[in-house]
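A.B. asks: My questions all concern the structure below.
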Amino acid sequence: MVTLQNAENALKSVYLGTVTELLNTRVNPLLSKIEQTSADVWGKEIRTAARFGINGGVGAGDETGDLPAAYGNNYLQFVTTLKNLYGQIEISDKAIRASADGRGAFTDLLNAELEGLLNASKFNLGRMLYGDGSGLLATVKVESSKTTCDTVRNLIEGLVVDVYSSAGAKKATARIKYVDRANKAVSFESAVTLADGDKLYVQGSKDREITGIGALFNGDSIYGVQKSAHPFLTPYSKDVNGGIDEIIIQEAIDALENDAGSTVDFIACSQDAKYSYIDYMSSFKRNIDVMELAGGFKTLSYNGIPLVYDRFVPEGSMYLLDTKAFKLHQLCDWRFLETENGKILRQNQGKPTYTATLVKYCDLICGKPNGQAVLKGITRA
């Protein structure tokens, strides 16, 4: 007979390992290439030493002359706080009782809930990987009584968002009912009045998300260090202002190798950038190689480097990354929140439903920001 206790045991002993593996390797091809480690975690912070330049203790000299002076490596300390990532599943008491006499039915119930969690995590983790940590989804534009957003790539039906004014004051919290992707407009399940300059964030997530790829290219500060004080932290950036081709891509790859000692092993691009590359290859009647990545992802290939389309890459952009420079520092891997008596299924206040919450405390750090590149302004011919 299936009971609430059996449900807890199944979630802990059977499903946790599977869900953890799927969240770490199957939700996004970039995430599957990034090393996850518990090193350099100190309390609620991550403190890691990033080496730059080379050891200075080299030189040539006379047979009996002085040896080169000894100089150690150059280091900067990167500091960031652990971000709190949550995922929830909900099971009704009625559903548990309805499947009480059939383990197969109960298994289907848990599988359905966990599949929903994975789908939601695929969206949110993928979005955060390419974000800048602010949680900003879109900025509202109001022109001639027409209300649109600057982008809808981060928006999806069912997502609950906080609406902030251009001055930074929270105005409302609402759930997205429909996203008009053709016209870049959004409607909500409840009445929300949007004004020009309003900003949309995931509920409760403003300035609390992991430090994604976008943070490397936005702003003057990264991991508590000012780029203006350390110019070598500034990544490679080029405005293409037109179609993409192999020369532009190779120039960026060579620049990273020559200037930062980086080896590009992952290329991520927006949809229009992908189409621009396909147009270029098609114009010369050339085949585009396809490859399969760990986690079962299939993608295009540029000279043996995976070229991956991701909806969360900004429009007209292509990131060229050395993924070995990235680490996801974590206090622990995904775990269920437990009560004092070890329970993970908790009844929702005043409702006949039970909730289990997965949690992970982590943040993403790139040890070589100047070893990454972005190509912007890519358009189709």
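Numbering starts fresh at 1 for the residues of each chain in the structure tokens, the chains themselves are lettered A, B, ... in the order given, and ligands are numbered from 1 as they appear.
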Hey, what's within 7 Å of segment 268-275 of chain A if we count only C-alpha atoms and toss same-chain stuff fewer than 3 positions away? As number ranges by chain, please?

C.D. replies: A: 278-279, 307-311, 313-320, 378-380

A.B. asks: Residues at most 12 Å from segment 161-167 of chain A, counting only C-alpha atoms, excluding those fewer than 4 positions away in the same chain, as an MDAnalysis selection string?

C.D. replies: chainID A and resid 135:141 154:157 171:177 186:190 192:206

A.B. asks: Considering only C-alpha atoms, can you say which of A:Asn28, A:Asn84, A:Gln36, A:Asn55 comes closest to Tyr71 of chain A?

C.D. replies: A:Asn55

A.B. asks: Could you check which of A:Leu117, A:Ala10, A:Ala50, A:Ile96 is closest to Asn370 of chain A, using only C-alpha atoms?

C.D. replies: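 Closest candidate: A:Ala50.
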
A.B. asks: So what do you get for atom CA of Leu118 of chain A versus atom CA of Glu340 of chain A, distance-wise?

C.D. replies: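 A separation of 27.0 Å between them.
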
A.B. asks: Neighbours of segment 209-225 of chain A within 6 Å (only C-alpha atoms; same-chain residues fewer than 5 positions away dropped), as a list in words?

C.D. replies: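 That gives Phe78, Val79, Thr80, Lys83, Met128, Leu129, Tyr130, Gly131, Asp132, Gly133, Gly135, Asp363 and Leu364 of chain A.
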
A.B. asks: Atoms to include: C-alpha atoms. Write the selected residues as a short mmCIF file (atom, residue, chain, number, x, y, z; two decimals), in the first residue's frame.

C.D. replies:
data_model
loop_
_atom_site.label_atom_id
_atom_site.label_comp_id
_atom_site.auth_asym_id
_atom_site.auth_seq_id
_atom_site.Cartn_x
_atom_site.Cartn_y
_atom_site.Cartn_z
CA PHE A 78 37.09 36.76 -6.75
CA VAL A 79 34.31 36.93 -4.15
CA THR A 80 30.61 36.24 -4.58
CA LYS A 83 22.81 31.99 -4.61
CA MET A 128 20.17 32.21 -15.62
CA LEU A 129 23.25 30.74 -17.30
CA TYR A 130 23.13 33.45 -19.96
CA GLY A 131 21.84 36.21 -17.67
CA ASP A 132 23.81 38.70 -15.62
CA GLY A 133 22.54 37.80 -12.15
CA GLY A 135 17.05 38.38 -12.93
CA ASP A 363 27.19 30.40 -8.01
CA LEU A 364 29.02 30.39 -11.32
#

A.B. asks: Which of these, A:Arg153, A:Pro235, A:Asp245, A:Ala69, has the shortest distance to Ala185 of chain A once you count only C-alpha atoms?

C.D. replies: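 Looking at the shortest contact to Ala185 of chain A, the residue is A:Arg153.
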
A.B. asks: Give me the residues near Leu110 of chain A as a ChimeraX atom specification, where near means some atom within 10 Å (using only C-alpha atoms) and where sequence neighbours in that chain fewer than 4 positions away do not count.

C.D. replies: /A:7,10-11,15,89-91,96,105-106,114-116

A.B. asks: Report the distance between atom CA of Pro352 of chain A and atom CA of Asn9 of chain A in Å, rounded to one decimal place.

C.D. replies: 20.2 Å

A.B. asks: Could you check the closest approach to Pro231 of chain A for each of A:Thr339, A:Pro306, A:Phe52, A:Leu328 and tell me which residue wins, using only C-alpha atoms?

C.D. replies: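 Residue with the minimum atom-to-atom distance to Pro231 of chain A: A:Phe52.
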
A.B. asks: Measuring atom to atom with only C-alpha atoms, identify which of A:Arg346, A:Lys184, A:Lys327, A:Arg335 is nearest to Thr18 of chain A.

C.D. replies: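 Using only C-alpha atoms, Thr18 of chain A sits closest to A:Arg335.
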
A.B. asks: What gap, in Å, lies between atom CA of Gln347 of chain A and atom CA of Trp334 of chain A?

C.D. replies: 21.3 Å

A.B. asks: Could you tell me which of A:Trp42, A:Ala255, A:Pro29, A:Lys227 comes closest to Thr299 of chain A if we count only C-alpha atoms?

C.D. replies: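 Counting only C-alpha atoms, the residue closest to Thr299 of chain A is A:Pro29.
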
A.B. asks: Identify, with DSSP run on backbone atoms, the residues in segment 101-270 of chain A assigned to strand (DSSP E), and express the list as an MDAnalysis selection string.

C.D. replies: chainID A and resid 136:143 146:149 160:164 170:180 185:188 199:202 221:222 225:226 236:242 266:269

A.B. asks: From a DSSP calculation on the backbone, collect every residue of segment 203-352 of chain A in alpha helix (DSSP H) and output the set as a ChimeraX atom specification.

C.D. replies: /A:214-217,246-260,271-283

A.B. asks: Can you tell me, as an MDAnalysis selection string, what residues are no more than 12 Å from Leu67 of chain A when counting only C-alpha atoms, ignoring any on the same chain fewer than 5 positions away?

C.D. replies: chainID A and resid 57:62

A.B. asks: Do you know which residues are at most 9 Å from segment 294-296 of chain A counting only C-alpha atoms, after dropping those on the same chain fewer than 6 positions away, and could you put them as a VMD selection string?

C.D. replies: chain A and resid 22 25 to 29 32 to 33

A.B. asks: Store the residues picked out above in a file with all heavy atoms, as a compact mmCIF listing (two decimals), in the first residue's frame.

C.D. replies:
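Contents of out38.txt, as written:
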# COMPACT_ATOMS: atom_id res chain seq x y z
N LEU A 22 19.83 14.50 -13.79
CA LEU A 22 19.15 15.16 -14.91
C LEU A 22 19.31 16.68 -14.84
O LEU A 22 19.55 17.34 -15.86
CB LEU A 22 17.67 14.79 -14.93
CG LEU A 22 17.35 13.32 -15.26
CD1 LEU A 22 15.86 13.05 -15.09
CD2 LEU A 22 17.79 12.99 -16.68
N THR A 25 22.99 17.56 -15.89
CA THR A 25 23.54 17.17 -17.19
C THR A 25 22.58 17.29 -18.36
O THR A 25 23.01 17.32 -19.51
CB THR A 25 24.05 15.73 -17.15
OG1 THR A 25 22.95 14.84 -16.89
CG2 THR A 25 25.10 15.54 -16.06
N ARG A 26 21.26 17.35 -18.09
CA ARG A 26 20.31 17.26 -19.19
C ARG A 26 19.50 18.54 -19.45
O ARG A 26 18.78 18.59 -20.44
CB ARG A 26 19.33 16.11 -18.94
CG ARG A 26 19.97 14.72 -18.89
CD ARG A 26 20.59 14.32 -20.20
NE ARG A 26 21.17 12.99 -20.16
CZ ARG A 26 20.53 11.89 -20.51
NH1 ARG A 26 19.28 11.98 -20.91
NH2 ARG A 26 21.13 10.72 -20.44
N VAL A 27 19.58 19.52 -18.56
CA VAL A 27 18.72 20.68 -18.76
C VAL A 27 19.31 21.70 -19.73
O VAL A 27 18.59 22.49 -20.34
CB VAL A 27 18.40 21.39 -17.42
CG1 VAL A 27 17.64 20.46 -16.50
CG2 VAL A 27 19.64 21.92 -16.75
N ASN A 28 20.67 21.70 -19.89
CA ASN A 28 21.29 22.67 -20.77
C ASN A 28 22.67 22.15 -21.20
O ASN A 28 23.45 21.68 -20.36
CB ASN A 28 21.44 24.02 -20.06
CG ASN A 28 21.90 25.12 -20.98
OD1 ASN A 28 23.08 25.26 -21.24
ND2 ASN A 28 20.95 25.92 -21.47
N PRO A 29 23.00 22.22 -22.49
CA PRO A 29 24.29 21.70 -22.95
C PRO A 29 25.49 22.45 -22.37
O PRO A 29 26.55 21.85 -22.16
CB PRO A 29 24.22 21.86 -24.47
CG PRO A 29 23.13 22.83 -24.73
CD PRO A 29 22.16 22.67 -23.60
N SER A 32 26.12 21.21 -18.77
CA SER A 32 26.70 19.86 -18.73
C SER A 32 28.21 19.87 -18.94
O SER A 32 28.88 18.90 -18.60
CB SER A 32 26.02 18.97 -19.78
OG SER A 32 26.35 19.41 -21.10
N LYS A 33 28.77 20.96 -19.49
CA LYS A 33 30.21 21.04 -19.73
C LYS A 33 30.96 21.74 -18.60
O LYS A 33 32.19 21.76 -18.58
CB LYS A 33 30.48 21.79 -21.04
CG LYS A 33 30.14 20.99 -22.29
CD LYS A 33 30.52 21.74 -23.55
CE LYS A 33 32.03 21.91 -23.69
NZ LYS A 33 32.74 20.64 -23.93

A.B. asks: Which residues are close to Leu82 of chain A, i.e. within 8 Å by only C-alpha atoms, leaving aside same-chain residues fewer than 3 positions away? Reply as a list of chain:residue names.

C.D. replies: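 My reading of the contact set: A:Lys44, A:Glu45, A:Ile46, A:Gln330, A:Leu331, A:Tyr361, A:Cys362, A:Asp363.
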